[in-house]
Amino acid sequence: MNPTPATTPIIYGTEDVLISLCNSVTRVLSVAMQGPVHYSAMVQRITKTCLKPDIGCFVLFDGGFSGLVIINFSAAAAMEIYERYMLSMGMARADLARSFTSDEVSNVMGELMNQVVGDFASKVRRELQTHITQNQPKMLALNQPVVLSVDANLDMPEARRVTFYTDNNNIFYLELAIDRTQFIKLYDFEPQEAPDPDALMAQVTSGAAPAAPAAAPAAGDDDTEALLRSLGM
């Protein structure tokens with residue numbers, strides 16, 4: 001039996017995908033910083049994506065649809081995110097890197113970028129019922145203005161730029177380039193809920209198989225031990 005089609009088709013386009021990605025950025029970074037991150041209600045339609053100073057991060061993804069995600073952090077935004085994230089992890093302020101060009105800062109921003117796109121890919125599976133895979137995030141820390149373009153090999157690219165603000169009103173920019181595509185809902189369905197890591201761990205712990213009892217010694221083993229005892233061994 002075929003599912004009942006929706007009376008009015010619901011179409012998800014570029015802006016809907018962009019909102020989902022923006023929500024992943026705010027969710028991951030808000031948790032990492034233990035503070036609010038928000039984005040502008042206005043989005044820019046751009047013709048190409050670029051890596052810009054002070055720290056540019058990018059990730060390519062492919063699968064149900066292809067695209068490129070770039071986040072360009074100002075030095076102030078990168079350092080605020082890095083410092084608050086590391087302090088929330090228990091690191092002492094005296095042990096933190098002092099410059100945004102430090103490898104440690106780039107590594108942390110790359111880790112958070114990976115979490116952002118991972119969260120986005122999870123929502124794509126639940127909400128759009130398709131699958132995307134990502135490559136390892138790449139970072140570029142620059143102390144002089146240099147603009148680099150990343151070739152995403154898109155057939156009909158659409159690009160957008162969104163402005164983000166940290167808790168201290170430091171600014172960074174998200175750029176998204178994807179193939180021009182639309183998702184049309186053929187029939188109603190309930191998107192799966194995001195998995196709760198704590199609940200999954202509890203389920204694994206409660207479902208762990210009990211340790212197997214030690215095997216009883218075979219009859220032949222008793223005879224062998226008796227022989228050894230008779231020999232004084």
# chains A, B, ... in the order shown; residues from 1 in each chain; ligands from 1
call {"tool": "residues_around", "arguments": {"residues": "range 31-35 of chain A", "least_positions_apart": "6", "cutoff": "12 Å", "atoms": "only C-alpha atoms", "output": "PyMOL selection string"}}
result
chain A and resi 24-25+77-89+108-109+111-113+115-116+165-169
call {"tool": "closest_atom_pairs", "arguments": {"of": "range 70-105 of chain A", "to": "range 118-142 of chain A", "cutoff": "9 Å", "atoms": "only C-alpha atoms", "output": "JSON lines"}}
result
{"residue": "A:Phe100", "atom": "CA", "partner": "A:Ala141", "partner_atom": "CA", "distance": 7.4}
{"residue": "A:Thr101", "atom": "CA", "partner": "A:Ala141", "partner_atom": "CA", "distance": 5.6}
{"residue": "A:Ser102", "atom": "CA", "partner": "A:Ala141", "partner_atom": "CA", "distance": 8.4}
{"residue": "A:Asp103", "atom": "CA", "partner": "A:Ala141", "partner_atom": "CA", "distance": 8.8}
call {"tool": "write_last_selection", "arguments": {"atoms": "all heavy atoms", "output": "PDB file, in the first residue's frame"}}
result
ATOM      1  N   PHE A 100      45.868  33.840  17.570  1.00  0.00           N
ATOM      2  CA  PHE A 100      44.957  33.073  16.724  1.00  0.00           C
ATOM      3  C   PHE A 100      45.712  32.260  15.676  1.00  0.00           C
ATOM      4  O   PHE A 100      45.150  31.330  15.085  1.00  0.00           O
ATOM      5  CB  PHE A 100      43.952  34.010  16.037  1.00  0.00           C
ATOM      6  CG  PHE A 100      44.520  34.816  14.903  1.00  0.00           C
ATOM      7  CD1 PHE A 100      44.489  34.344  13.603  1.00  0.00           C
ATOM      8  CD2 PHE A 100      45.098  36.056  15.132  1.00  0.00           C
ATOM      9  CE1 PHE A 100      45.009  35.082  12.554  1.00  0.00           C
ATOM     10  CE2 PHE A 100      45.622  36.807  14.100  1.00  0.00           C
ATOM     11  CZ  PHE A 100      45.583  36.319  12.807  1.00  0.00           C
ATOM     12  N   THR A 101      46.992  32.585  15.431  1.00  0.00           N
ATOM     13  CA  THR A 101      47.779  31.824  14.457  1.00  0.00           C
ATOM     14  C   THR A 101      48.363  30.550  15.056  1.00  0.00           C
ATOM     15  O   THR A 101      49.003  29.777  14.343  1.00  0.00           O
ATOM     16  CB  THR A 101      48.924  32.689  13.918  1.00  0.00           C
ATOM     17  OG1 THR A 101      49.753  33.136  15.004  1.00  0.00           O
ATOM     18  CG2 THR A 101      48.388  33.913  13.177  1.00  0.00           C
ATOM     19  N   SER A 102      48.149  30.317  16.347  1.00  0.00           N
ATOM     20  CA  SER A 102      48.656  29.115  17.000  1.00  0.00           C
ATOM     21  C   SER A 102      47.999  27.865  16.406  1.00  0.00           C
ATOM     22  O   SER A 102      46.813  27.859  16.055  1.00  0.00           O
ATOM     23  CB  SER A 102      48.381  29.188  18.502  1.00  0.00           C
ATOM     24  OG  SER A 102      48.583  27.941  19.122  1.00  0.00           O
ATOM     25  N   ASP A 103      48.786  26.791  16.295  1.00  0.00           N
ATOM     26  CA  ASP A 103      48.243  25.522  15.795  1.00  0.00           C
ATOM     27  C   ASP A 103      47.126  25.011  16.697  1.00  0.00           C
ATOM     28  O   ASP A 103      46.168  24.391  16.215  1.00  0.00           O
ATOM     29  CB  ASP A 103      49.350  24.474  15.712  1.00  0.00           C
ATOM     30  CG  ASP A 103      50.336  24.748  14.592  1.00  0.00           C
ATOM     31  OD1 ASP A 103      49.986  25.521  13.689  1.00  0.00           O
ATOM     32  OD2 ASP A 103      51.448  24.193  14.634  1.00  0.00           O
TER      33      ASP A 103
END
call {"tool": "select_by_dssp", "arguments": {"residues": "range 37-82 of chain A", "states": "alpha helix (DSSP H)", "output": "ChimeraX atom specification"}}
result
/A:75-82
call {"tool": "write_last_selection", "arguments": {"atoms": "N, CA and C atoms", "output": "compact mmCIF listing (two decimals), in the first residue's frame"}}
result
# COMPACT_ATOMS: atom_id res chain seq x y z
N ALA A 75 39.88 37.29 14.11
CA ALA A 75 40.78 36.87 15.18
C ALA A 75 40.09 36.93 16.53
N ALA A 76 39.31 38.00 16.75
CA ALA A 76 38.63 38.17 18.04
C ALA A 76 37.60 37.06 18.26
N ALA A 77 36.82 36.72 17.21
CA ALA A 77 35.81 35.67 17.34
C ALA A 77 36.47 34.32 17.58
N ALA A 78 37.54 34.03 16.83
CA ALA A 78 38.23 32.75 16.99
C ALA A 78 38.79 32.60 18.40
N MET A 79 39.43 33.65 18.92
CA MET A 79 40.02 33.57 20.24
C MET A 79 38.95 33.46 21.32
N GLU A 80 37.83 34.16 21.15
CA GLU A 80 36.76 34.05 22.14
C GLU A 80 36.21 32.63 22.19
N ILE A 81 35.94 32.06 21.01
CA ILE A 81 35.40 30.69 20.96
C ILE A 81 36.42 29.71 21.53
N TYR A 82 37.68 29.84 21.11
CA TYR A 82 38.73 28.94 21.58
C TYR A 82 38.88 29.01 23.09
call {"tool": "atom_distance", "arguments": {"atom1": "CA of Leu18 in chain A", "atom2": "CA of Arg160 in chain A"}}
result
8.0 Å
call {"tool": "atom_distance", "arguments": {"atom1": "CA of Ile11 in chain A", "atom2": "CA of Asp155 in chain A"}}
result
20.8 Å
call {"tool": "select_by_dssp", "arguments": {"residues": "range 60-144 of chain A", "states": "strand (DSSP E or B)", "output": "count of residues only"}}
result
18
call {"tool": "residues_around", "arguments": {"residues": "Phe164 in chain A", "least_positions_apart": "4", "cutoff": "8 Å", "atoms": "only C-alpha atoms", "output": "VMD selection string"}}
result
chain A and resid 37 to 40 171 to 174
call {"tool": "closest_residue", "arguments": {"among": "A:Leu68, A:Cys50, A:Val28, A:Ala94", "to": "Ala177 in chain A", "atoms": "only C-alpha atoms"}}
result
A:Leu68
call {"tool": "atom_distance", "arguments": {"atom1": "CA of Arg180 in chain A", "atom2": "CA of Pro157 in chain A"}}
result
5.7 Å
call {"tool": "residues_around", "arguments": {"residues": "Ile178 in chain A", "least_positions_apart": "5", "cutoff": "6 Å", "atoms": "only C-alpha atoms", "output": "list in words"}}
result
Ser66, Gly67, Pro157 and Glu158 of chain A
call {"tool": "closest_residue", "arguments": {"among": "A:Glu190, A:Asp54, A:Glu175, A:Glu15", "to": "Val146 in chain A", "atoms": "only C-alpha atoms"}}
result
A:Asp54
